[in-house]
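Content type PDB, C-alpha atoms, from the file run.pdb:
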ATOM      1  CA  MET H   1     106.709 124.931  79.940
ATOM      2  CA  ASN H   2     110.009 124.692  81.771
ATOM      3  CA  ALA H   3     109.966 122.557  84.837
ATOM      4  CA  ILE H   4     112.694 122.769  87.395
ATOM      5  CA  LEU H   5     114.020 119.298  87.972
ATOM      6  CA  ARG H   6     115.158 118.663  91.489
ATOM      7  CA  PRO H   7     117.541 115.918  92.446
ATOM      8  CA  ARG H   8     115.924 112.640  93.358
ATOM      9  CA  PRO H   9     115.653 111.988  97.087
ATOM     10  CA  GLN H  10     117.888 109.345  98.559
ATOM     11  CA  VAL H  11     116.203 106.033  99.125
ATOM     12  CA  ALA H  12     116.670 104.771 102.667
ATOM     13  CA  LYS H  13     117.522 101.178 103.338
ATOM     14  CA  ALA H  14     114.412  99.093 103.985
ATOM     15  CA  GLN H  15     113.794  98.362 107.630
ATOM     16  CA  PRO H  16     112.540  94.959 108.745
ATOM     17  CA  TRP H  17     108.829  94.869 109.446
ATOM     18  CA  PRO H  18     107.590  91.715 111.125
ATOM     19  CA  PHE H  19     103.893  91.095 110.607
ATOM     20  CA  PRO H  20     102.302  90.458 114.007
ATOM     21  CA  ALA H  21     101.477  86.912 115.019
ATOM     22  CA  ALA H  22      97.838  85.916 114.894
ATOM     23  CA  ARG H  23      95.808  85.710 118.071
ATOM     24  CA  GLN H  24      93.428  82.786 117.691
ATOM     25  CA  THR H  25      90.087  82.600 119.465
ATOM     26  CA  VAL H  26      87.164  80.218 119.179
ATOM     27  CA  LEU H  27      83.748  81.803 119.658
ATOM     28  CA  ASP H  28      80.913  80.087 121.527
ATOM     29  CA  ASN H  29      79.371  79.142 118.155
ATOM     30  CA  GLY H  30      82.565  77.341 117.105
ATOM     31  CA  LEU H  31      83.767  80.034 114.688
ATOM     32  CA  ASN H  32      87.567  80.343 114.613
ATOM     33  CA  VAL H  33      88.711  83.966 114.730
ATOM     34  CA  TRP H  34      92.214  85.108 113.904
ATOM     35  CA  THR H  35      93.078  88.690 114.783
ATOM     36  CA  PHE H  36      96.210  90.590 113.893
ATOM     37  CA  ASP H  37      96.877  93.577 116.138
ATOM     38  CA  LEU H  38      98.173  96.518 114.097
ATOM     39  CA  PRO H  39      98.007  99.537 116.439
ATOM     40  CA  GLY H  40      97.313 102.872 114.838
ATOM     41  CA  GLN H  41      95.317 101.539 111.892
ATOM     42  CA  LEU H  42      92.240 103.557 111.004
ATOM     43  CA  VAL H  43      90.531 100.878 108.904
ATOM     44  CA  ILE H  44      89.727  97.309 109.915
ATOM     45  CA  SER H  45      89.536  94.529 107.345
ATOM     46  CA  ALA H  46      87.326  91.645 108.432
ATOM     47  CA  GLU H  47      87.133  88.551 106.252
ATOM     48  CA  LEU H  48      85.084  85.399 106.533
ATOM     49  CA  VAL H  49      86.471  82.250 104.956
ATOM     50  CA  ILE H  50      83.648  79.924 103.966
ATOM     51  CA  PRO H  51      84.734  76.364 103.126
ATOM     52  CA  VAL H  52      82.770  76.237  99.870
ATOM     53  CA  SER H  53      84.933  75.884  96.787
ATOM     54  CA  LEU H  54      84.186  76.661  93.182
ATOM     55  CA  SER H  55      84.031  72.926  92.529
ATOM     56  CA  ALA H  56      80.646  72.958  94.319
ATOM     57  CA  GLU H  57      79.290  75.159  91.551
ATOM     58  CA  PRO H  58      77.288  73.222  88.946
ATOM     59  CA  PRO H  59      79.103  73.216  85.576
ATOM     60  CA  ALA H  60      75.880  74.232  83.841
ATOM     61  CA  ALA H  61      75.712  77.367  86.012
ATOM     62  CA  GLU H  62      79.337  78.437  85.851
ATOM     63  CA  GLY H  63      79.810  81.893  87.375
ATOM     64  CA  VAL H  64      76.696  81.814  89.557
ATOM     65  CA  ALA H  65      78.736  81.605  92.779
ATOM     66  CA  THR H  66      80.623  84.795  91.990
ATOM     67  CA  ILE H  67      77.426  86.603  90.999
ATOM     68  CA  ALA H  68      75.685  85.430  94.174
ATOM     69  CA  LEU H  69      78.588  86.544  96.349
ATOM     70  CA  ARG H  70      79.030  89.936  94.757
ATOM     71  CA  THR H  71      75.325  90.763  94.904
ATOM     72  CA  SER H  72      74.672  89.455  98.408
ATOM     73  CA  ASP H  73      74.923  92.957  99.896
ATOM     74  CA  GLU H  74      72.021  94.236  97.793
ATOM     75  CA  GLY H  75      69.332  93.283 100.258
ATOM     76  CA  SER H  76      68.577  91.009 103.190
ATOM     77  CA  ALA H  77      65.530  89.685 104.981
ATOM     78  CA  ALA H  78      65.770  92.506 107.538
ATOM     79  CA  HIS H  79      66.856  95.240 105.086
ATOM     80  CA  PRO H  80      65.409  94.584 101.615
ATOM     81  CA  GLY H  81      66.512  96.247  98.411
ATOM     82  CA  PRO H  82      69.016  99.083  98.533
ATOM     83  CA  GLU H  83      68.503  99.628 102.291
ATOM     84  CA  LEU H  84      71.247  97.139 103.210
ATOM     85  CA  ALA H  85      73.794  98.682 100.845
ATOM     86  CA  ARG H  86      72.874 102.126 102.188
ATOM     87  CA  LEU H  87      73.517 100.969 105.766
ATOM     88  CA  VAL H  88      76.867  99.468 104.809
ATOM     89  CA  GLU H  89      77.875 102.733 103.145
ATOM     90  CA  GLN H  90      76.476 104.777 106.044
ATOM     91  CA  ASN H  91      78.964 102.962 108.264
ATOM     92  CA  GLY H  92      81.763 103.903 105.882
ATOM     93  CA  ALA H  93      82.234 100.239 105.001
ATOM     94  CA  VAL H  94      82.821  98.408 101.741
ATOM     95  CA  PHE H  95      81.730  94.802 101.171
ATOM     96  CA  GLY H  96      83.492  92.480  98.766
ATOM     97  CA  GLY H  97      84.574  88.938  98.157
ATOM     98  CA  HIS H  98      85.935  86.313  95.808
ATOM     99  CA  CYS H  99      85.280  82.674  95.043
ATOM    100  CA  PHE H 100      88.393  80.516  94.886
ATOM    101  CA  PRO H 101      89.058  76.869  94.044
ATOM    102  CA  SER H 102      89.671  76.231  97.744
ATOM    103  CA  ALA H 103      87.112  78.477  99.494
ATOM    104  CA  THR H 104      84.863  81.513  99.275
ATOM    105  CA  ILE H 105      86.093  84.622 101.064
ATOM    106  CA  CYS H 106      84.003  87.681 101.757
ATOM    107  CA  GLY H 107      84.337  90.567 104.115
ATOM    108  CA  LEU H 108      84.327  94.250 104.633
ATOM    109  CA  ASP H 109      86.633  97.130 105.303
ATOM    110  CA  ALA H 110      85.365  99.682 107.800
ATOM    111  CA  PRO H 111      86.709 102.584 109.814
ATOM    112  CA  VAL H 112      87.664 101.502 113.335
ATOM    113  CA  THR H 113      85.140 103.986 114.712
ATOM    114  CA  ARG H 114      82.306 102.360 112.708
ATOM    115  CA  LEU H 115      83.212  98.687 113.088
ATOM    116  CA  ALA H 116      80.550  97.995 115.738
ATOM    117  CA  GLY H 117      77.844  99.080 113.293
ATOM    118  CA  ALA H 118      79.356  97.365 110.254
ATOM    119  CA  MET H 119      80.023  93.872 111.630
ATOM    120  CA  PRO H 120      76.361  92.972 112.246
ATOM    121  CA  LEU H 121      75.704  93.970 108.632
ATOM    122  CA  LEU H 122      78.390  91.554 107.441
ATOM    123  CA  ALA H 123      76.691  88.790 109.431
ATOM    124  CA  GLU H 124      73.349  89.779 107.892
ATOM    125  CA  ILE H 125      74.788  89.708 104.368
ATOM    126  CA  VAL H 126      76.199  86.226 104.891
ATOM    127  CA  ARG H 127      73.252  84.694 106.751
ATOM    128  CA  GLU H 128      70.192  86.171 105.074
ATOM    129  CA  PRO H 129      70.801  87.624 101.612
ATOM    130  CA  ALA H 130      67.609  88.432  99.700
ATOM    131  CA  TYR H 131      68.527  88.610  96.027
TER     132      TYR H 131
END

Produce C-alpha cells that represent the structure in this file.
Amino acid sequence: MNAILRPRPQVAKAQPWPFPAARQTVLDNGLNVWTFDLPGQLVISAELVIPVSLSAEPPAAEGVATIALRTSDEGSAAHPGPELARLVEQNGAVFGGHCFPSATICGLDAPVTRLAGAMPLLAEIVREPAY
C-alpha cells in the first residue's frame, strides 16, 4: 500500500496561557471552596479534599482506604446497590478519587448542563456510602 506523505505542518510558537486565579468562598457550613472560571468548558471537575492521610490507615489493613474510596459510589443509604452508580452515570458524571500521604481527594467530572444533578450525588457518596 502506497501512502502519500504530505509535508509536516508548521508548528506555531506556543502562546502564553495564564491559568485563572482562584476565587475563594467559605460556605455557611465552613467548607472552603475554590473555583477557577474557565469560560467555554463543557465539563466541570469538582474535587473534595479530605484531610485524612494514608498514615491514618492501620498497617494491618493496608490498602483498605483506597478500596473504600473507590467503591464508595456503589451504593448509599438513600440509593442502595447499583442505583447510586446508575444515577451518577445518568447525569453523565464519573466519580473517582485517590488516597495520598497528605490527604484523600475524591470528586467527579460532569457536563456543565448536568452539574446540578451530579453534585448532590457527590455529597451523598461522601456522607453516606453503603458498602

**Study point:** Top pick for closest residue to H:Glu83, considering H:Ile125, H:His98, H:Ala21, H:Lys13 and counting all atoms listed in the file
**Key:**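 Among H:Ile125, H:His98, H:Ala21, H:Lys13, it is H:Ile125 that comes nearest to H:Glu83.
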
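The residue that comes closest to H:Leu121, out of H:Thr104, H:Thr35, H:Cys99, H:Glu74 and on the basis of all atoms listed in the file, is H:Glu74.
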
**Request:** May I have the residues within 6 Å of H:Ser53 as a VMD selection string, using all atoms listed in the file and disregarding those fewer than 6 positions away in the same chain?
**Result:** chain H and resid 101 to 103

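The interatomic distance for the pair atom CA of H:Val126 and atom CA of H:Val49 works out to 11.0 Å.
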
- Task: Would you kindly translate the PyMOL selection byres ((chain H and resi 84) around 12) into the concrete residues it picks from this file, as a PyMOL selection string?
- Result: chain H and resi 71-83+85-91+93-95+118+120-125+128-131

Taking the file as shown, find all residues satisfying the PyMOL selection byres ((chain H and resi 39-48) around 6) and write them as a ChimeraX atom specification. /H:38,49,105-112

Write out the residues from the selection above, keeping C-alpha atoms, as a JSON list (two decimals), in the frame of the given file.
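Saved to again_7.json:
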[["chain", "number", "residue", "atom", "x", "y", "z"],
["H", 38, "LEU", "CA", 98.17, 96.52, 114.10],
["H", 49, "VAL", "CA", 86.47, 82.25, 104.96],
["H", 105, "ILE", "CA", 86.09, 84.62, 101.06],
["H", 106, "CYS", "CA", 84.00, 87.68, 101.76],
["H", 107, "GLY", "CA", 84.34, 90.57, 104.12],
["H", 108, "LEU", "CA", 84.33, 94.25, 104.63],
["H", 109, "ASP", "CA", 86.63, 97.13, 105.30],
["H", 110, "ALA", "CA", 85.36, 99.68, 107.80],
["H", 111, "PRO", "CA", 86.71, 102.58, 109.81],
["H", 112, "VAL", "CA", 87.66, 101.50, 113.34]]

Taken to one decimal, the atom CA of H:Ser55-atom CA of H:Arg70 distance is 17.9 Å

**Prompt:** With distances taken over only C-alpha atoms, which of H:Val26, H:Ala68, H:Ala61, H:Leu5 is nearest to H:Gly97?
**Reply:**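 When distances to H:Gly97 are compared using only C-alpha atoms, the smallest one comes from H:Ala68.
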
Notebook entry, point to check: By how many Å are atom CA of H:Pro18 and atom CA of H:Thr113 apart?
Noted result: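 Between atom CA of H:Pro18 and atom CA of H:Thr113 the gap works out to 25.8 Å.
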
List the residues selected by the PyMOL selection byres ((chain H and resi 23) around 6) in the file shown, writing them as JSON, numbers by chain. {"H": [22, 24, 34, 35]}
